[in-house]
Amino acid sequence: MSGGSFSRVGVVGLGTMGAGIAEVLSRGGLAVVGIEINQEALDRGRGNLEGSTGRALKRGRLTEEARREILDRIALSTDFAELAGCDLVIEAVPERLELKRRVFEQLDRVCRPDAVLATNTSSLSVTDIAVTTNRPAKIVGVHFFNPAPVMKLVEVIGTVLTEDGAVARVADLVRGLGKTPVTVGDRAGFVANRLLFGYLNQAAAMLESGHATRDDIDAAMKVGGGLPMGPFTLMDLIGLDTCLEVLEAIYQESRDRRHAPAPVLRELVTAGLLGRKTGRGFYSYDKTAAQAAQADAGAAQATADEAPRPVVGVAGSGTQAVAIVVAAARAGSEVRYVAGDDDKAQAARTELEKALDAETLARVRGGSELADLAGCELVIEAVAEDVSVKRSLFAAVDDVAAPDAVLATTASTVPVIDLAMATDRPGDVVGLHFPEAGGGLVEIAGTVVTAPGVVDKAAALAGRLGLTAVRCRDRAGFIVDALRFPYLNDAAAMLEAGYADADSIDAAMTLGCGYPTGPIADLDRLGLDRAVAVLRALYAESREPALAPAPLLEEYVTAGRTLR
């Protein structure tokens with residue numbers, strides 16, 4: 001593996017990130033000079049390198065010989081003069097502008113005039129660093145993701161001052177190291193952090209507003225959003241102080257309220273509760289408490305598994321209605337579905353026959369008479385997203401549903417309260433939102449008139465159907481869509497501005513943040529029309545300019561096209 005035009009590379013700062021970068025460079029066959037401020041810090045850096053490569057050895061990802069070669073290619077020193085022979089030097093000190101500027105002043109003095117100097121900043125302006133040097137044309141950003149030996153993405157950043165070819169040379173080096181470079185301009189947060197931290201900050205604000213609990217938001221985004229971890233678990237892992245620093249840097253540039261740090265985040269940082277590294281952040285990392293919570297969750301699931309399955313009624317015959325019937329029948333429930341007419345009922349039956357085996361299908365009965373819903377414990381409305389149609393249906397269901405039945409709407413952009421007030425029993429009405437058709441998550445929203453115990457009853461019924469139920473208030477987007485679509489909208493706006501192309505944006509989130517799908521691909525998967533509808537509802541409710549659909553989305557919906 002070759003470093004191309006770079007054969008000797010310096011790394012300043014050997015904390016977790018800097019040591020990881022040094023390891024990546026050495027693995028690529030390059031001679032590396034690692035610099036720290038004093039002997040104590042240098043010893044810690046050596047420990048970071050030995051620890052990381054030692055874990056790789058233990059897991060069988062390195063041989064003892066390969067490990068020794070990697071470590072031998074890294075020369076460690078506290079003397080900046082050792083960087084004089086380097087072709088490229090990467091700064092990886094803590095995320096403080098004045099500290100980085102001081103480092104670059106020293107690099108300016110000791111490095112060759114033709115050497116490229118790079119900052120691994122994740123949120124600060126590369127230009128702000130470059131202008132304090134005597135060689136701004138030689139300054140680039142090279143943002144690795146933690147842990148550097150594992151994560152494939154590297155954002156390579158040029159400024160308006162960077163000379164032609166410097167960014168391309170660094171991108172070639174990154175590619176030669178087996179990483180995927182994404183080349184972008186100097187904008188706070190670049191691609192990945194700008195998109196990620198807007199979402200994380202919104203989750204913190206959602207918690208603070210009382211819209212949903214910490215656990216329900218995390219569960220919703222894992223189970224319903226398909227993410228590797230929930231936002232609060234992720235913020236605790238990153239470090240709340242780091243989250244605050246990144247958000248402040250992005251907000252200073254964007255002045256977008258989505259990036260203004262949520263007060264709860266600042267409060268936790270001020271109190272020294274920084275997440276996993278201090279033992280407490282949004283969560284407490286006391287093992288006894290965690291084990292007790294896990295035991296409680298296991299007991300609750302066992303109870304749900306043993307409970308008899310409810311009789312479920314579904315009003316509707318479209319894709320979502322069929323998906324709900326399938327899920328309920330597979331869970332062991334008797335299901336009654338009612339379509340608008342006999343032809344629609346038969347069309348739904350045809351789809352159900354494709355999805356279910358004969359034994360499961362025997363538990364399903366369909367027709368066009370609402371009276372078939374009598375006797376159902378849970379009646380779910382799943383018709384078109386039209387408020388007048390839904391209100392009319394709820395008024396009619398009111399006459400046939402059992403007195404103790406829970407009435408639920410799958411509305412995603414219509415307030416639940418609007419539909420509840422169309423009935424004579426608004427206390428029995430909840431929102432029952434499936435962010436993914438046929439998925440394992442259901443969001444349950446009560447209203448100001450929902451009777452005590454009805455949301456709990458709905459959650460219990462959902463649990464008996466094998467679904468993960470989370471609770472929230474009756475607000476546009478519930479939890480998943482309220483967090484997911486603004487993030488996707490940010491990505492669309494980034495694409496529209498020409499800051500990065502679709503492939504780069506998607507690579508940033510899949511390779512840099514571990515998302516299963518990139519945002520541009522996700523918009524096409526979920527549907528641009530759905531994205532626009534949810535964003536319009538969010539904007540109408542909040543009047544936040546950042547929540548208005550990006551003009552690009554509106555344009556593509558009008559044209560009937562996807563983004564790719």
# chains A, B, ... in the order shown; residues from 1 in each chain; ligands from 1
call {"tool": "residues_around", "arguments": {"residues": "stretch 439-454 of chain A", "least_positions_apart": "2", "cutoff": "6 Å", "atoms": "only C-alpha atoms", "output": "ChimeraX atom specification"}}
result
/A:223-224,417,427,430-434,436-437,456-457,467-474
call {"tool": "write_last_selection", "arguments": {"atoms": "N, CA, C and O atoms", "output": "mmCIF file, in the first residue's frame"}}
result
data_model
loop_
_atom_site.group_PDB
_atom_site.id
_atom_site.type_symbol
_atom_site.label_atom_id
_atom_site.label_comp_id
_atom_site.auth_asym_id
_atom_site.auth_seq_id
_atom_site.Cartn_x
_atom_site.Cartn_y
_atom_site.Cartn_z
ATOM 1 N N VAL A 223 -35.563 0.791 16.867
ATOM 2 C CA VAL A 223 -36.494 -0.206 16.328
ATOM 3 C C VAL A 223 -37.240 0.342 15.113
ATOM 4 O O VAL A 223 -37.421 -0.359 14.116
ATOM 5 N N GLY A 224 -37.672 1.596 15.199
ATOM 6 C CA GLY A 224 -38.460 2.172 14.112
ATOM 7 C C GLY A 224 -37.636 2.897 13.073
ATOM 8 O O GLY A 224 -38.016 2.955 11.905
ATOM 9 N N ILE A 417 -56.151 14.547 17.836
ATOM 10 C CA ILE A 417 -57.271 15.220 18.499
ATOM 11 C C ILE A 417 -58.365 15.588 17.508
ATOM 12 O O ILE A 417 -59.561 15.556 17.847
ATOM 13 N N GLY A 427 -62.298 9.966 24.557
ATOM 14 C CA GLY A 427 -61.413 9.407 25.569
ATOM 15 C C GLY A 427 -60.840 8.064 25.193
ATOM 16 O O GLY A 427 -59.830 7.634 25.762
ATOM 17 N N VAL A 430 -56.665 6.999 20.414
ATOM 18 C CA VAL A 430 -55.220 7.252 20.463
ATOM 19 C C VAL A 430 -54.662 7.226 19.049
ATOM 20 O O VAL A 430 -55.299 6.710 18.120
ATOM 21 N N GLY A 431 -53.472 7.778 18.904
ATOM 22 C CA GLY A 431 -52.743 7.604 17.662
ATOM 23 C C GLY A 431 -51.943 6.318 17.736
ATOM 24 O O GLY A 431 -51.400 5.966 18.792
ATOM 25 N N LEU A 432 -51.881 5.585 16.644
ATOM 26 C CA LEU A 432 -51.129 4.332 16.582
ATOM 27 C C LEU A 432 -50.334 4.391 15.279
ATOM 28 O O LEU A 432 -50.827 4.008 14.228
ATOM 29 N N HIS A 433 -49.120 4.911 15.376
ATOM 30 C CA HIS A 433 -48.360 5.222 14.164
ATOM 31 C C HIS A 433 -47.258 4.201 13.933
ATOM 32 O O HIS A 433 -46.474 3.918 14.827
ATOM 33 N N PHE A 434 -47.231 3.667 12.717
ATOM 34 C CA PHE A 434 -46.188 2.722 12.311
ATOM 35 C C PHE A 434 -45.220 3.456 11.381
ATOM 36 O O PHE A 434 -45.542 3.664 10.207
ATOM 37 N N GLU A 436 -42.600 2.464 9.979
ATOM 38 C CA GLU A 436 -42.233 1.569 8.877
ATOM 39 C C GLU A 436 -43.354 0.554 8.710
ATOM 40 O O GLU A 436 -43.702 -0.160 9.661
ATOM 41 N N ALA A 437 -43.937 0.496 7.523
ATOM 42 C CA ALA A 437 -45.011 -0.471 7.270
ATOM 43 C C ALA A 437 -44.494 -1.881 7.530
ATOM 44 O O ALA A 437 -43.463 -2.285 6.992
ATOM 45 N N ASP A 456 -52.087 3.236 28.236
ATOM 46 C CA ASP A 456 -51.496 2.016 28.801
ATOM 47 C C ASP A 456 -52.146 0.771 28.199
ATOM 48 O O ASP A 456 -51.461 -0.215 27.893
ATOM 49 N N LYS A 457 -53.455 0.838 28.039
ATOM 50 C CA LYS A 457 -54.183 -0.304 27.468
ATOM 51 C C LYS A 457 -53.744 -0.537 26.024
ATOM 52 O O LYS A 457 -53.506 -1.682 25.609
ATOM 53 N N LEU A 467 -45.324 -6.189 19.267
ATOM 54 C CA LEU A 467 -44.763 -4.915 18.829
ATOM 55 C C LEU A 467 -44.056 -4.204 19.980
ATOM 56 O O LEU A 467 -44.425 -4.368 21.136
ATOM 57 N N THR A 468 -43.048 -3.421 19.651
ATOM 58 C CA THR A 468 -42.433 -2.530 20.626
ATOM 59 C C THR A 468 -43.221 -1.234 20.618
ATOM 60 O O THR A 468 -43.317 -0.564 19.584
ATOM 61 N N ALA A 469 -43.812 -0.897 21.754
ATOM 62 C CA ALA A 469 -44.641 0.308 21.838
ATOM 63 C C ALA A 469 -43.891 1.421 22.555
ATOM 64 O O ALA A 469 -43.305 1.201 23.618
ATOM 65 N N VAL A 470 -43.881 2.603 21.961
ATOM 66 C CA VAL A 470 -43.338 3.794 22.618
ATOM 67 C C VAL A 470 -44.455 4.833 22.676
ATOM 68 O O VAL A 470 -45.382 4.812 21.880
ATOM 69 N N ARG A 471 -44.346 5.754 23.628
ATOM 70 C CA ARG A 471 -45.412 6.724 23.846
ATOM 71 C C ARG A 471 -44.899 8.131 23.588
ATOM 72 O O ARG A 471 -43.746 8.441 23.865
ATOM 73 N N CYS A 472 -45.774 8.969 23.107
ATOM 74 C CA CYS A 472 -45.426 10.368 22.897
ATOM 75 C C CYS A 472 -46.696 11.204 22.901
ATOM 76 O O CYS A 472 -47.809 10.665 22.954
ATOM 77 N N ARG A 473 -46.520 12.508 22.838
ATOM 78 C CA ARG A 473 -47.669 13.399 22.783
ATOM 79 C C ARG A 473 -48.204 13.488 21.363
ATOM 80 O O ARG A 473 -47.558 13.048 20.411
ATOM 81 N N ASP A 474 -49.376 14.034 21.230
ATOM 82 C CA ASP A 474 -50.022 14.186 19.925
ATOM 83 C C ASP A 474 -49.413 15.380 19.196
ATOM 84 O O ASP A 474 -49.939 16.491 19.246
#
call {"tool": "closest_atom_pairs", "arguments": {"of": "stretch 201-236 of chain A", "to": "stretch 479-495 of chain A", "cutoff": "8 Å", "atoms": "only C-alpha atoms", "output": "JSON lines"}}
result
{"residue": "A:Gln202", "atom": "CA", "partner": "A:Leu483", "partner_atom": "CA", "distance": 6.9}
{"residue": "A:Ala203", "atom": "CA", "partner": "A:Leu483", "partner_atom": "CA", "distance": 6.9}
{"residue": "A:Ala212", "atom": "CA", "partner": "A:Ile479", "partner_atom": "CA", "distance": 7.7}
{"residue": "A:Ile217", "atom": "CA", "partner": "A:Ile479", "partner_atom": "CA", "distance": 6.6}
{"residue": "A:Ala220", "atom": "CA", "partner": "A:Val480", "partner_atom": "CA", "distance": 6.1}
{"residue": "A:Met221", "atom": "CA", "partner": "A:Val480", "partner_atom": "CA", "distance": 6.0}
{"residue": "A:Gly224", "atom": "CA", "partner": "A:Val480", "partner_atom": "CA", "distance": 6.7}
{"residue": "A:Gly225", "atom": "CA", "partner": "A:Val480", "partner_atom": "CA", "distance": 6.2}
call {"tool": "closest_residue", "arguments": {"among": "A:Glu541, A:Ala395, A:Val338, A:Thr16", "to": "A:Thr413", "atoms": "only C-alpha atoms"}}
result
A:Glu541
call {"tool": "closest_residue", "arguments": {"among": "A:Ser7, A:Ala262, A:Arg73, A:Cys111", "to": "A:Val170", "atoms": "only C-alpha atoms"}}
result
A:Ser7
call {"tool": "residues_around", "arguments": {"residues": "A:Leu361", "least_positions_apart": "4", "cutoff": "8 Å", "atoms": "only C-alpha atoms", "output": "JSON list (two decimals) with C-alpha atoms, in the first residue's frame"}}
result
[["chain", "number", "residue", "atom", "x", "y", "z"],
["A", 329, "ALA", "CA", -52.45, -12.36, 12.20],
["A", 352, "LEU", "CA", -53.14, -11.33, 2.23],
["A", 353, "GLU", "CA", -53.16, -14.71, 0.48],
["A", 356, "LEU", "CA", -49.87, -15.52, 4.84],
["A", 357, "ASP", "CA", -49.94, -19.29, 5.03]]
call {"tool": "select_by_dssp", "arguments": {"residues": "stretch 317-549 of chain A", "states": "strand (DSSP E)", "output": "PyMOL selection string"}}
result
chain A and resi 335-338+364-367+378-381+406-409+429-433+441-446+468-473
call {"tool": "closest_residue", "arguments": {"among": "A:Gly272, A:Gly51, A:Gly10, A:Gly60", "to": "A:Leu88", "atoms": "only C-alpha atoms"}}
result
A:Gly10
call {"tool": "residues_around", "arguments": {"residues": "stretch 113-120 of chain A", "least_positions_apart": "4", "cutoff": "6 Å", "atoms": "only C-alpha atoms", "output": "list in words"}}
result
Asp87, Leu88, Val89, Ile90, Glu91, Ala92, Lys138, Ile139, Val140, Gly141, Val142 and His143 of chain A
call {"tool": "write_last_selection", "arguments": {"atoms": "N, CA and C atoms", "output": "JSON list (two decimals), in the first residue's frame"}}
result
[["chain", "number", "residue", "atom", "x", "y", "z"],
["A", 87, "ASP", "N", 6.37, 14.95, 4.84],
["A", 87, "ASP", "CA", 5.68, 15.48, 3.66],
["A", 87, "ASP", "C", 4.29, 16.01, 4.02],
["A", 88, "LEU", "N", 3.72, 15.42, 5.07],
["A", 88, "LEU", "CA", 2.37, 15.78, 5.52],
["A", 88, "LEU", "C", 2.36, 15.68, 7.03],
["A", 89, "VAL", "N", 1.74, 16.65, 7.70],
["A", 89, "VAL", "CA", 1.57, 16.59, 9.15],
["A", 89, "VAL", "C", 0.09, 16.77, 9.47],
["A", 90, "ILE", "N", -0.44, 15.87, 10.29],
["A", 90, "ILE", "CA", -1.86, 15.93, 10.68],
["A", 90, "ILE", "C", -1.95, 16.30, 12.15],
["A", 91, "GLU", "N", -2.64, 17.39, 12.43],
["A", 91, "GLU", "CA", -2.88, 17.84, 13.81],
["A", 91, "GLU", "C", -4.12, 17.16, 14.35],
["A", 92, "ALA", "N", -4.01, 16.57, 15.56],
["A", 92, "ALA", "CA", -5.14, 15.88, 16.18],
["A", 92, "ALA", "C", -5.21, 16.20, 17.67],
["A", 138, "LYS", "N", -1.30, 25.67, 1.82],
["A", 138, "LYS", "CA", -0.88, 24.29, 2.10],
["A", 138, "LYS", "C", -1.74, 23.65, 3.20],
["A", 139, "ILE", "N", -2.78, 24.33, 3.65],
["A", 139, "ILE", "CA", -3.58, 23.83, 4.76],
["A", 139, "ILE", "C", -4.85, 23.16, 4.25],
["A", 140, "VAL", "N", -5.13, 21.94, 4.75],
["A", 140, "VAL", "CA", -6.36, 21.21, 4.42],
["A", 140, "VAL", "C", -6.95, 20.64, 5.71],
["A", 141, "GLY", "N", -8.17, 20.21, 5.61],
["A", 141, "GLY", "CA", -8.78, 19.45, 6.69],
["A", 141, "GLY", "C", -8.80, 17.98, 6.31],
["A", 142, "VAL", "N", -8.55, 17.10, 7.26],
["A", 142, "VAL", "CA", -8.64, 15.66, 7.02],
["A", 142, "VAL", "C", -9.30, 15.04, 8.25],
["A", 143, "HIS", "N", -10.60, 14.86, 8.17],
["A", 143, "HIS", "CA", -11.40, 14.47, 9.33],
["A", 143, "HIS", "C", -11.63, 12.97, 9.35]]
call {"tool": "select_by_dssp", "arguments": {"residues": "stretch 57-152 of chain A", "states": "helix (DSSP H, G or I)", "output": "CSV table (one decimal) with C-alpha atoms, in the first residue's frame"}}
result
chain,number,residue,atom,x,y,z
A,57,LEU,CA,-3.9,-9.1,17.8
A,58,LYS,CA,-6.2,-10.7,20.4
A,64,GLU,CA,2.4,-10.5,16.3
A,65,GLU,CA,4.8,-9.8,13.5
A,66,ALA,CA,2.4,-7.3,11.8
A,67,ARG,CA,1.8,-5.6,15.1
A,68,ARG,CA,5.5,-5.2,15.7
A,69,GLU,CA,6.0,-3.8,12.2
A,70,ILE,CA,3.2,-1.2,12.7
A,71,LEU,CA,4.6,0.0,16.0
A,72,ASP,CA,8.2,0.0,14.7
A,80,PHE,CA,8.4,19.3,17.0
A,81,ALA,CA,11.7,19.5,15.1
A,82,GLU,CA,11.3,15.8,14.4
A,83,LEU,CA,8.6,16.8,11.9
A,84,ALA,CA,11.1,18.6,9.7
A,85,GLY,CA,11.3,15.7,7.2
A,97,LEU,CA,-9.3,26.9,18.1
A,98,GLU,CA,-6.6,28.7,20.0
A,99,LEU,CA,-4.8,25.4,20.8
A,100,LYS,CA,-4.9,24.3,17.2
A,101,ARG,CA,-3.6,27.7,16.1
A,102,ARG,CA,-0.7,27.5,18.5
A,103,VAL,CA,0.1,24.0,17.1
A,104,PHE,CA,0.1,25.3,13.5
A,105,GLU,CA,2.3,28.2,14.4
A,106,GLN,CA,4.9,25.7,15.6
A,107,LEU,CA,4.4,23.5,12.5
A,108,ASP,CA,4.9,26.6,10.3
A,109,ARG,CA,8.3,27.1,11.9
A,110,VAL,CA,9.7,23.5,11.7
A,126,VAL,CA,-10.2,25.1,8.5
A,127,THR,CA,-9.9,28.6,7.1
A,128,ASP,CA,-9.7,30.1,10.6
A,129,ILE,CA,-6.7,27.8,11.3
A,130,ALA,CA,-5.1,28.4,7.8
A,136,PRO,CA,-2.6,29.0,4.0
A,137,ALA,CA,-2.4,27.4,0.5
A,138,LYS,CA,-0.9,24.3,2.1
call {"tool": "atom_distance", "arguments": {"atom1": "atom CA of A:Ala204", "atom2": "atom CA of A:Ala271"}}
result
16.4 Å
call {"tool": "residues_around", "arguments": {"residues": "A:Lys390", "least_positions_apart": "5", "cutoff": "9 Å", "atoms": "only C-alpha atoms", "output": "list in words"}}
result
Glu381, Ala382, Val383, Ala384, Glu385, Ala395, Thr409, Ala411 and Leu419 of chain A
call {"tool": "closest_residue", "arguments": {"among": "A:Asn146, A:Thr410, A:Ser254, A:Gln320", "to": "A:Val387", "atoms": "only C-alpha atoms"}}
result
A:Thr410
call {"tool": "atom_distance", "arguments": {"atom1": "atom CA of A:Ile505", "atom2": "atom CA of A:Val160"}}
result
21.1 Å
call {"tool": "residues_around", "arguments": {"residues": "stretch 174-184 of chain A", "least_positions_apart": "3", "cutoff": "6 Å", "atoms": "only C-alpha atoms", "output": "PDB file with N, CA, C and O atoms, in the first residue's frame"}}
result
ATOM      1  N   SER A   2       0.509   2.230  -0.776  1.00  0.00           N
ATOM      2  CA  SER A   2       1.400   3.381  -0.932  1.00  0.00           C
ATOM      3  C   SER A   2       0.728   4.662  -0.521  1.00  0.00           C
ATOM      4  O   SER A   2      -0.477   4.824  -0.660  1.00  0.00           O
ATOM      5  N   GLY A  28      -0.619   1.408   6.610  1.00  0.00           N
ATOM      6  CA  GLY A  28      -0.492   1.637   5.173  1.00  0.00           C
ATOM      7  C   GLY A  28       0.944   1.641   4.680  1.00  0.00           C
ATOM      8  O   GLY A  28       1.204   1.931   3.513  1.00  0.00           O
ATOM      9  N   LYS A 152     -14.403   3.723   7.956  1.00  0.00           N
ATOM     10  CA  LYS A 152     -13.921   3.818   6.575  1.00  0.00           C
ATOM     11  C   LYS A 152     -13.938   5.231   6.009  1.00  0.00           C
ATOM     12  O   LYS A 152     -13.238   5.525   5.037  1.00  0.00           O
ATOM     13  N   LEU A 153     -14.757   6.123   6.594  1.00  0.00           N
ATOM     14  CA  LEU A 153     -14.906   7.460   6.023  1.00  0.00           C
ATOM     15  C   LEU A 153     -13.819   8.419   6.490  1.00  0.00           C
ATOM     16  O   LEU A 153     -13.451   8.426   7.666  1.00  0.00           O
ATOM     17  N   VAL A 154     -13.332   9.250   5.569  1.00  0.00           N
ATOM     18  CA  VAL A 154     -12.484  10.388   5.910  1.00  0.00           C
ATOM     19  C   VAL A 154     -12.971  11.577   5.079  1.00  0.00           C
ATOM     20  O   VAL A 154     -13.017  11.499   3.846  1.00  0.00           O
ATOM     21  N   GLU A 155     -13.339  12.669   5.755  1.00  0.00           N
ATOM     22  CA  GLU A 155     -13.738  13.881   5.047  1.00  0.00           C
ATOM     23  C   GLU A 155     -12.486  14.714   4.784  1.00  0.00           C
ATOM     24  O   GLU A 155     -11.707  14.990   5.705  1.00  0.00           O
ATOM     25  N   VAL A 156     -12.269  15.072   3.535  1.00  0.00           N
ATOM     26  CA  VAL A 156     -11.107  15.875   3.137  1.00  0.00           C
ATOM     27  C   VAL A 156     -11.621  17.254   2.744  1.00  0.00           C
ATOM     28  O   VAL A 156     -12.471  17.374   1.859  1.00  0.00           O
ATOM     29  N   ILE A 157     -11.094  18.291   3.410  1.00  0.00           N
ATOM     30  CA  ILE A 157     -11.663  19.625   3.282  1.00  0.00           C
ATOM     31  C   ILE A 157     -10.649  20.602   2.710  1.00  0.00           C
ATOM     32  O   ILE A 157      -9.530  20.730   3.211  1.00  0.00           O
ATOM     33  N   ALA A 171      -6.626  13.187  -0.656  1.00  0.00           N
ATOM     34  CA  ALA A 171      -7.678  12.196  -0.943  1.00  0.00           C
ATOM     35  C   ALA A 171      -7.076  10.913  -1.502  1.00  0.00           C
ATOM     36  O   ALA A 171      -7.511   9.807  -1.168  1.00  0.00           O
ATOM     37  N   SER A 504     -21.637  11.207  -1.927  1.00  0.00           N
ATOM     38  CA  SER A 504     -20.797  11.651  -0.805  1.00  0.00           C
ATOM     39  C   SER A 504     -21.618  11.797   0.469  1.00  0.00           C
ATOM     40  O   SER A 504     -21.164  11.417   1.557  1.00  0.00           O
TER      41      SER A 504
END
call {"tool": "residues_around", "arguments": {"residues": "A:Asn193", "least_positions_apart": "3", "cutoff": "10 Å", "atoms": "only C-alpha atoms", "output": "compact mmCIF listing (two decimals) with C-alpha atoms, in the first residue's frame"}}
result
# COMPACT_ATOMS: atom_id res chain seq x y z
CA SER A 122 -14.51 17.83 13.33
CA SER A 123 -16.33 21.17 13.56
CA ALA A 188 -18.76 23.84 10.08
CA GLY A 189 -19.47 20.19 10.81
CA PHE A 190 -18.72 19.25 7.18
CA LEU A 196 -25.79 14.04 12.74
CA PHE A 197 -25.67 16.74 15.39
CA GLY A 198 -28.77 18.55 14.14
CA TYR A 199 -30.64 15.29 14.72
CA LEU A 200 -29.03 14.62 18.11
CA CYS A 243 -21.52 17.26 21.53
CA VAL A 246 -19.58 20.66 17.98
CA LEU A 247 -23.06 22.17 18.19
CA ILE A 250 -21.94 24.73 13.88
CA ALA A 508 -20.71 10.18 5.03
CA MET A 509 -23.62 8.80 7.03
CA GLY A 512 -18.91 7.77 9.11
CA CYS A 513 -21.90 7.25 11.41
call {"tool": "atom_distance", "arguments": {"atom1": "atom CA of A:Ala521", "atom2": "atom CA of A:Met151"}}
result
20.5 Å
